[in-house]
Amino acid sequence: MCGRFVITSPPAALREMFGYIEQPNFPPRYNIAPTQPIPVVLLQNGGRHFQLMRWGLIPSWVKDPRTFSLLINARAETVREKPAFKNAIRRRRALVPADGYYEWQDAGGRKRPFFIHRRNGEPVAFAALAECWMGPNGEEQDTVAIVTAPASRDLAALHHRVPVTIRPDDFARWLDCRTDDADEVMPLLKGPDIGEFAWYQVTTRVNSFANDDAQLTLPMTAEEIAAEEAPPPKKVVPRKVAPPSEDDGQGSLF
(Lines give C-alpha, C1' and ligand atoms only; values in the text may rest on other atoms or scores of the structure.)
Protein backbone atom coordinates (compact mmCIF):
# COMPACT_ATOMS: atom_id res chain seq x y z
CA MET A 1 0.00 0.00 0.00
CA CYS A 2 1.02 3.64 0.16
CA GLY A 3 0.28 5.57 3.34
CA ARG A 4 3.09 8.14 3.47
CA PHE A 5 5.29 9.53 0.72
CA VAL A 6 7.94 12.13 -0.06
CA ILE A 7 8.42 14.94 -2.61
CA THR A 8 11.92 16.43 -2.57
CA SER A 9 12.76 17.19 -6.23
CA PRO A 10 12.90 20.90 -7.19
CA PRO A 11 9.59 22.22 -8.59
CA ALA A 12 11.26 23.11 -11.90
CA ALA A 13 12.53 19.55 -12.34
CA LEU A 14 9.09 18.07 -11.69
CA ARG A 15 7.46 20.55 -14.09
CA GLU A 16 9.88 19.50 -16.82
CA MET A 17 9.28 15.81 -16.14
CA PHE A 18 5.47 15.99 -16.03
CA GLY A 19 4.96 18.78 -18.56
CA TYR A 20 2.24 20.76 -16.80
CA ILE A 21 1.53 24.37 -17.69
CA GLU A 22 1.57 25.96 -14.24
CA GLN A 23 4.78 27.03 -12.49
CA PRO A 24 4.09 26.21 -8.83
CA ASN A 25 6.74 26.78 -6.22
CA PHE A 26 6.43 24.42 -3.27
CA PRO A 27 8.83 23.32 -0.52
CA PRO A 28 10.13 19.75 -0.17
CA ARG A 29 7.88 17.46 1.86
CA TYR A 30 9.33 14.52 3.76
CA ASN A 31 6.26 13.00 5.41
CA ILE A 32 3.07 13.54 3.42
CA ALA A 33 0.08 11.91 5.10
CA PRO A 34 -3.54 11.15 4.13
CA THR A 35 -6.08 14.03 4.21
CA GLN A 36 -3.32 16.53 3.39
CA PRO A 37 -3.30 18.43 0.05
CA ILE A 38 -0.94 16.79 -2.46
CA PRO A 39 0.26 17.76 -5.97
CA VAL A 40 -1.68 16.06 -8.76
CA VAL A 41 -1.17 16.18 -12.53
CA LEU A 42 -4.11 15.66 -14.86
CA LEU A 43 -5.16 16.34 -18.45
CA GLN A 44 -7.68 19.13 -18.99
CA ASN A 45 -8.64 21.02 -22.15
CA GLY A 46 -5.84 19.37 -24.11
CA GLY A 47 -3.04 20.26 -21.69
CA ARG A 48 -1.45 18.91 -18.52
CA HIS A 49 -2.21 20.84 -15.37
CA PHE A 50 -0.94 20.94 -11.80
CA GLN A 51 -3.52 20.94 -9.03
CA LEU A 52 -3.62 20.38 -5.27
CA MET A 53 -6.08 17.73 -4.11
CA ARG A 54 -7.00 16.17 -0.79
CA TRP A 55 -5.42 12.73 -0.40
CA GLY A 56 -8.41 10.54 0.34
CA LEU A 57 -10.95 10.05 -2.45
CA ILE A 58 -14.59 10.93 -1.86
CA PRO A 59 -16.93 9.56 -4.57
CA SER A 60 -19.42 12.02 -6.00
CA TRP A 61 -22.37 10.02 -4.65
CA VAL A 62 -21.33 10.33 -0.99
CA LYS A 63 -23.77 12.47 0.98
CA ASP A 64 -21.73 13.05 4.13
CA PRO A 65 -17.93 12.62 3.94
CA ARG A 66 -17.74 12.47 7.74
CA THR A 67 -19.43 9.06 7.67
CA PHE A 68 -17.43 7.69 4.71
CA SER A 69 -14.25 5.61 5.05
CA LEU A 70 -11.02 7.27 3.96
CA LEU A 71 -9.99 5.89 0.53
CA ILE A 72 -6.29 6.67 0.14
CA ASN A 73 -5.59 3.66 -2.11
CA ALA A 74 -7.41 1.85 -4.92
CA ARG A 75 -6.61 -1.80 -5.70
CA ALA A 76 -5.71 -2.30 -9.37
CA GLU A 77 -7.41 -5.71 -9.50
CA THR A 78 -10.87 -4.36 -8.60
CA VAL A 79 -10.72 -0.74 -9.69
CA ARG A 80 -13.14 -1.28 -12.59
CA GLU A 81 -15.79 -2.90 -10.40
CA LYS A 82 -15.70 -0.92 -7.16
CA PRO A 83 -18.41 1.77 -7.09
CA ALA A 84 -15.96 4.29 -5.61
CA PHE A 85 -13.49 3.97 -8.52
CA LYS A 86 -15.24 2.59 -11.60
CA ASN A 87 -16.05 6.04 -13.02
CA ALA A 88 -12.72 7.62 -12.11
CA ILE A 89 -10.66 4.90 -13.82
CA ARG A 90 -12.45 5.76 -17.07
CA ARG A 91 -12.72 9.53 -16.82
CA ARG A 92 -10.43 11.02 -14.16
CA ARG A 93 -7.01 9.38 -14.21
CA ALA A 94 -4.15 11.41 -12.73
CA LEU A 95 -0.49 11.27 -11.68
CA VAL A 96 1.05 12.06 -8.30
CA PRO A 97 4.72 13.18 -8.36
CA ALA A 98 6.91 11.63 -5.67
CA ASP A 99 10.50 10.83 -4.79
CA GLY A 100 9.76 7.80 -2.66
CA TYR A 101 7.45 6.43 -0.01
CA TYR A 102 7.52 4.75 3.38
CA GLU A 103 6.52 1.25 4.35
CA TRP A 104 6.46 -0.41 7.76
CA GLN A 105 7.69 -3.96 8.37
CA ASP A 106 6.43 -5.95 11.32
CA ALA A 107 9.41 -7.53 13.09
CA GLY A 108 8.54 -9.35 16.27
CA GLY A 109 5.72 -6.99 17.13
CA ARG A 110 7.83 -3.91 16.42
CA LYS A 111 7.04 -1.74 13.38
CA ARG A 112 10.18 -0.76 11.48
CA PRO A 113 9.83 2.06 8.90
CA PHE A 114 11.66 1.86 5.57
CA PHE A 115 12.15 4.48 2.86
CA ILE A 116 11.61 3.08 -0.66
CA HIS A 117 12.89 4.92 -3.73
CA ARG A 118 13.80 4.34 -7.35
CA ARG A 119 17.25 2.81 -7.46
CA ASN A 120 18.53 5.37 -9.98
CA GLY A 121 17.37 8.26 -7.78
CA GLU A 122 14.86 9.67 -10.25
CA PRO A 123 11.36 10.86 -9.23
CA VAL A 124 8.37 8.59 -9.74
CA ALA A 125 4.78 9.09 -10.86
CA PHE A 126 2.11 7.27 -8.88
CA ALA A 127 -0.98 6.24 -10.81
CA ALA A 128 -3.95 8.02 -9.23
CA LEU A 129 -7.70 8.47 -9.57
CA ALA A 130 -9.45 11.77 -8.90
CA GLU A 131 -12.97 12.84 -7.99
CA CYS A 132 -14.65 16.16 -7.32
CA TRP A 133 -17.12 15.91 -4.47
CA MET A 134 -19.91 18.49 -4.31
CA GLY A 135 -21.75 19.13 -1.08
CA PRO A 136 -25.40 20.04 -0.57
CA ASN A 137 -24.51 23.72 -0.12
CA GLY A 138 -22.49 23.95 -3.32
CA GLU A 139 -19.09 23.34 -1.71
CA GLU A 140 -16.54 21.43 -3.79
CA GLN A 141 -13.59 19.29 -2.80
CA ASP A 142 -11.09 17.74 -5.23
CA THR A 143 -9.89 14.39 -3.90
CA VAL A 144 -7.53 11.65 -5.05
CA ALA A 145 -6.48 8.06 -4.32
CA ILE A 146 -3.25 6.26 -5.29
CA VAL A 147 -3.56 2.96 -7.17
CA THR A 148 -1.77 -0.08 -5.72
CA ALA A 149 -0.85 -3.50 -7.11
CA PRO A 150 0.76 -6.73 -5.84
CA ALA A 151 4.41 -6.26 -4.96
CA SER A 152 7.30 -7.78 -6.88
CA ARG A 153 9.18 -10.60 -5.17
CA ASP A 154 11.83 -8.30 -3.67
CA LEU A 155 9.50 -5.58 -2.39
CA ALA A 156 7.13 -8.20 -0.97
CA ALA A 157 9.68 -8.64 1.83
CA LEU A 158 8.39 -5.30 3.16
CA HIS A 159 4.73 -5.37 2.14
CA HIS A 160 2.58 -7.42 -0.23
CA ARG A 161 1.31 -4.31 -2.07
CA VAL A 162 3.01 -1.33 -3.70
CA PRO A 163 1.91 1.90 -5.40
CA VAL A 164 1.63 1.64 -9.18
CA THR A 165 4.24 3.81 -10.90
CA ILE A 166 3.72 5.07 -14.46
CA ARG A 167 6.78 5.51 -16.68
CA PRO A 168 7.22 8.86 -18.49
CA ASP A 169 6.69 7.19 -21.86
CA ASP A 170 3.22 6.16 -20.65
CA PHE A 171 2.13 9.49 -19.12
CA ALA A 172 0.10 10.53 -22.14
CA ARG A 173 -1.57 7.13 -22.40
CA TRP A 174 -2.53 7.07 -18.73
CA LEU A 175 -3.84 10.64 -18.56
CA ASP A 176 -5.89 10.55 -21.79
CA CYS A 177 -9.49 9.84 -20.78
CA ARG A 178 -11.17 10.95 -23.99
CA THR A 179 -12.28 7.42 -24.92
CA ASP A 180 -14.21 7.06 -21.63
CA ASP A 181 -12.74 3.57 -21.34
CA ALA A 182 -9.94 1.91 -19.36
CA ASP A 183 -9.06 -1.03 -21.62
CA GLU A 184 -5.85 0.54 -22.94
CA VAL A 185 -4.47 1.52 -19.54
CA MET A 186 -5.22 -1.58 -17.49
CA PRO A 187 -1.91 -3.26 -18.51
CA LEU A 188 -0.09 -0.33 -16.86
CA LEU A 189 -1.51 -1.19 -13.44
CA LYS A 190 1.26 -3.40 -12.10
CA GLY A 191 4.05 -3.20 -9.57
CA PRO A 192 7.64 -2.24 -10.46
CA ASP A 193 10.09 -4.76 -11.86
CA ILE A 194 12.41 -6.69 -9.57
CA GLY A 195 15.41 -4.54 -8.72
CA GLU A 196 13.83 -1.28 -9.88
CA PHE A 197 13.48 0.06 -6.33
CA ALA A 198 15.80 0.11 -3.33
CA TRP A 199 15.07 0.67 0.36
CA TYR A 200 16.63 1.11 3.78
CA GLN A 201 15.49 1.50 7.37
CA VAL A 202 14.80 5.00 8.68
CA THR A 203 14.01 6.58 12.01
CA THR A 204 10.74 5.90 13.80
CA ARG A 205 10.26 9.68 13.94
CA VAL A 206 8.45 9.22 10.63
CA ASN A 207 5.63 7.54 12.55
CA SER A 208 4.34 10.99 13.48
CA PHE A 209 3.25 13.10 10.52
CA ALA A 210 4.02 16.17 12.62
CA ASN A 211 7.69 15.45 11.85
CA ASP A 212 8.57 16.69 8.36
CA ASP A 213 12.30 17.21 7.83
CA ALA A 214 15.16 15.84 5.75
CA GLN A 215 16.44 13.67 8.60
CA LEU A 216 13.48 11.33 8.10
CA THR A 217 14.83 9.94 4.81
CA LEU A 218 18.40 9.33 5.98
CA PRO A 219 19.50 5.68 6.29
CA MET A 220 20.07 4.56 9.84
CA THR A 221 23.39 3.11 10.99
CA ALA A 222 23.57 -0.22 12.79
CA GLU A 223 24.24 1.64 16.03
CA GLU A 224 21.18 3.88 15.58
CA ILE A 225 18.97 0.89 14.81
CA ALA A 226 20.20 -0.92 17.91
CA ALA A 227 19.57 2.16 20.03
CA GLU A 228 15.99 2.56 18.76
CA GLU A 229 15.19 -1.12 19.22
CA ALA A 230 16.77 -1.48 22.64
CA PRO A 231 14.24 -2.05 25.43
CA PRO A 232 13.65 1.01 27.60
CA PRO A 233 15.70 1.05 30.82
CA LYS A 234 13.94 -0.17 33.90
CA LYS A 235 12.85 2.51 36.27
CA VAL A 236 14.71 2.46 39.55
CA VAL A 237 12.30 2.95 42.43
CA PRO A 238 14.12 4.58 45.36
CA ARG A 239 13.82 2.77 48.66
CA LYS A 240 11.91 4.57 51.31
CA VAL A 241 14.13 5.37 54.30
CA ALA A 242 12.47 5.87 57.65
CA PRO A 243 13.19 9.26 59.23
CA PRO A 244 15.64 9.18 62.13
CA SER A 245 14.11 9.02 65.58
CA GLU A 246 15.29 10.76 68.68
CA ASP A 247 16.45 7.39 69.98
CA ASP A 248 19.06 5.89 67.65
CA GLY A 249 18.75 2.51 69.33
CA GLN A 250 22.06 2.79 71.17
CA GLY A 251 20.74 4.24 74.39
CA SER A 252 21.63 7.49 76.07
CA LEU A 253 24.88 8.56 77.75
CA PHE A 254 23.07 10.61 80.38
# chains A, B, ... in the order shown; residues from 1 in each chain; ligands from 1

$ residues_around --residues "region 120-123 of chain A" --least-positions-apart "4" --cutoff "9 Å" --atoms "only C-alpha atoms" --output "list in words"
Ile7, Thr8, Ser9, Leu14, Met17, Pro97, Ala98, Asp99, Gly100, Glu196, Phe197 and Ala198 of chain A

$ closest_atom_pairs --of "region 3-101 of chain A" --to "region 205-213 of chain A" --cutoff "12 Å" --atoms "only C-alpha atoms" --output "tab-separated table"
residue	atom	partner	partner_atom	distance
A:Gly3	CA	A:Phe209	CA	10.8
A:Arg4	CA	A:Phe209	CA	8.6
A:Phe5	CA	A:Val206	CA	10.4
A:Val6	CA	A:Asp212	CA	9.6
A:Ile7	CA	A:Asp212	CA	11.1
A:Thr8	CA	A:Asp213	CA	10.4
A:Pro27	CA	A:Asp213	CA	10.9
A:Pro28	CA	A:Asp213	CA	8.7
A:Arg29	CA	A:Asp212	CA	6.6
A:Tyr30	CA	A:Asp212	CA	5.1
A:Asn31	CA	A:Asp212	CA	5.3
A:Ile32	CA	A:Phe209	CA	7.1
A:Ala33	CA	A:Phe209	CA	6.4
A:Pro34	CA	A:Phe209	CA	9.5
A:Thr35	CA	A:Phe209	CA	11.3
A:Gln36	CA	A:Phe209	CA	10.3
A:Tyr101	CA	A:Val206	CA	11.0

$ closest_residue --among "A:Ile116, A:Met134, A:Leu188, A:Ala128" --to "Tyr200 (chain A)" --atoms "only C-alpha atoms"
A:Ile116

$ select_by_dssp --residues "region 14-250 of chain A" --states "strand (DSSP E or B)" --output "ChimeraX atom specification"
/A:29-32,37-44,47-55,57,71,73-75,93-98,100-107,110-118,124-134,140-150,161-163,165,197-201

$ decode --residues "region 187-198 of chain A" --atoms "all heavy atoms" --output "tab-separated table (two decimals), in the first residue's frame"
chain	number	residue	atom	x	y	z
A	187	PRO	N	-3.22	-2.58	-18.59
A	187	PRO	CA	-1.91	-3.26	-18.51
A	187	PRO	C	-0.85	-2.46	-17.77
A	187	PRO	O	0.18	-3.02	-17.37
A	187	PRO	CB	-1.53	-3.44	-19.99
A	187	PRO	CG	-2.83	-3.46	-20.73
A	187	PRO	CD	-3.70	-2.49	-19.99
A	188	LEU	N	-1.06	-1.15	-17.58
A	188	LEU	CA	-0.09	-0.33	-16.86
A	188	LEU	C	-0.18	-0.52	-15.35
A	188	LEU	O	0.76	-0.14	-14.62
A	188	LEU	CB	-0.30	1.15	-17.18
A	188	LEU	CG	-0.19	1.57	-18.65
A	188	LEU	CD1	-0.50	3.06	-18.78
A	188	LEU	CD2	1.19	1.25	-19.20
A	189	LEU	N	-1.27	-1.10	-14.88
A	189	LEU	CA	-1.51	-1.19	-13.44
A	189	LEU	C	-0.83	-2.42	-12.85
A	189	LEU	O	-1.45	-3.44	-12.57
A	189	LEU	CB	-3.02	-1.22	-13.16
A	189	LEU	CG	-3.78	0.03	-13.61
A	189	LEU	CD1	-5.23	-0.05	-13.20
A	189	LEU	CD2	-3.13	1.29	-13.07
A	190	LYS	N	0.46	-2.30	-12.66
A	190	LYS	CA	1.26	-3.40	-12.10
A	190	LYS	C	2.38	-2.81	-11.26
A	190	LYS	O	2.72	-1.62	-11.37
A	190	LYS	CB	1.84	-4.26	-13.21
A	190	LYS	CG	2.71	-3.50	-14.18
A	190	LYS	CD	3.22	-4.40	-15.30
A	190	LYS	CE	4.13	-3.62	-16.26
A	190	LYS	NZ	4.64	-4.48	-17.35
A	191	GLY	N	2.95	-3.65	-10.42
A	191	GLY	CA	4.05	-3.20	-9.57
A	191	GLY	C	5.34	-3.06	-10.36
A	191	GLY	O	5.44	-3.50	-11.50
A	192	PRO	N	6.36	-2.43	-9.77
A	192	PRO	CA	7.64	-2.24	-10.46
A	192	PRO	C	8.36	-3.57	-10.67
A	192	PRO	O	8.07	-4.57	-10.00
A	192	PRO	CB	8.42	-1.33	-9.51
A	192	PRO	CG	7.81	-1.58	-8.16
A	192	PRO	CD	6.36	-1.85	-8.43
A	193	ASP	N	9.30	-3.56	-11.59
A	193	ASP	CA	10.09	-4.76	-11.86
A	193	ASP	C	11.02	-5.06	-10.70
A	193	ASP	O	11.37	-4.17	-9.91
A	193	ASP	CB	10.91	-4.57	-13.14
A	193	ASP	CG	10.04	-4.40	-14.37
A	193	ASP	OD1	8.90	-4.91	-14.36
A	193	ASP	OD2	10.49	-3.74	-15.33
A	194	ILE	N	11.45	-6.30	-10.60
A	194	ILE	CA	12.41	-6.69	-9.57
A	194	ILE	C	13.70	-5.89	-9.75
A	194	ILE	O	14.22	-5.77	-10.86
A	194	ILE	CB	12.70	-8.20	-9.65
A	194	ILE	CG1	11.44	-8.99	-9.28
A	194	ILE	CG2	13.85	-8.59	-8.73
A	194	ILE	CD1	11.60	-10.49	-9.41
A	195	GLY	N	14.18	-5.31	-8.68
A	195	GLY	CA	15.41	-4.54	-8.72
A	195	GLY	C	15.24	-3.09	-9.09
A	195	GLY	O	16.22	-2.32	-9.04
A	196	GLU	N	14.04	-2.67	-9.45
A	196	GLU	CA	13.83	-1.28	-9.88
A	196	GLU	C	13.89	-0.31	-8.70
A	196	GLU	O	14.30	0.84	-8.85
A	196	GLU	CB	12.48	-1.16	-10.58
A	196	GLU	CG	12.22	0.19	-11.22
A	196	GLU	CD	10.91	0.23	-11.99
A	196	GLU	OE1	10.31	-0.84	-12.24
A	196	GLU	OE2	10.47	1.35	-12.34
A	197	PHE	N	13.49	-0.78	-7.52
A	197	PHE	CA	13.48	0.06	-6.33
A	197	PHE	C	14.45	-0.46	-5.28
A	197	PHE	O	14.74	-1.66	-5.24
A	197	PHE	CB	12.07	0.13	-5.73
A	197	PHE	CG	11.16	1.12	-6.44
A	197	PHE	CD1	10.68	0.85	-7.71
A	197	PHE	CD2	10.80	2.31	-5.83
A	197	PHE	CE1	9.85	1.75	-8.36
A	197	PHE	CE2	9.98	3.22	-6.47
A	197	PHE	CZ	9.50	2.94	-7.73
A	198	ALA	N	14.94	0.45	-4.46
A	198	ALA	CA	15.80	0.11	-3.33
A	198	ALA	C	15.19	0.67	-2.06
A	198	ALA	O	14.31	1.54	-2.11
A	198	ALA	CB	17.21	0.67	-3.55
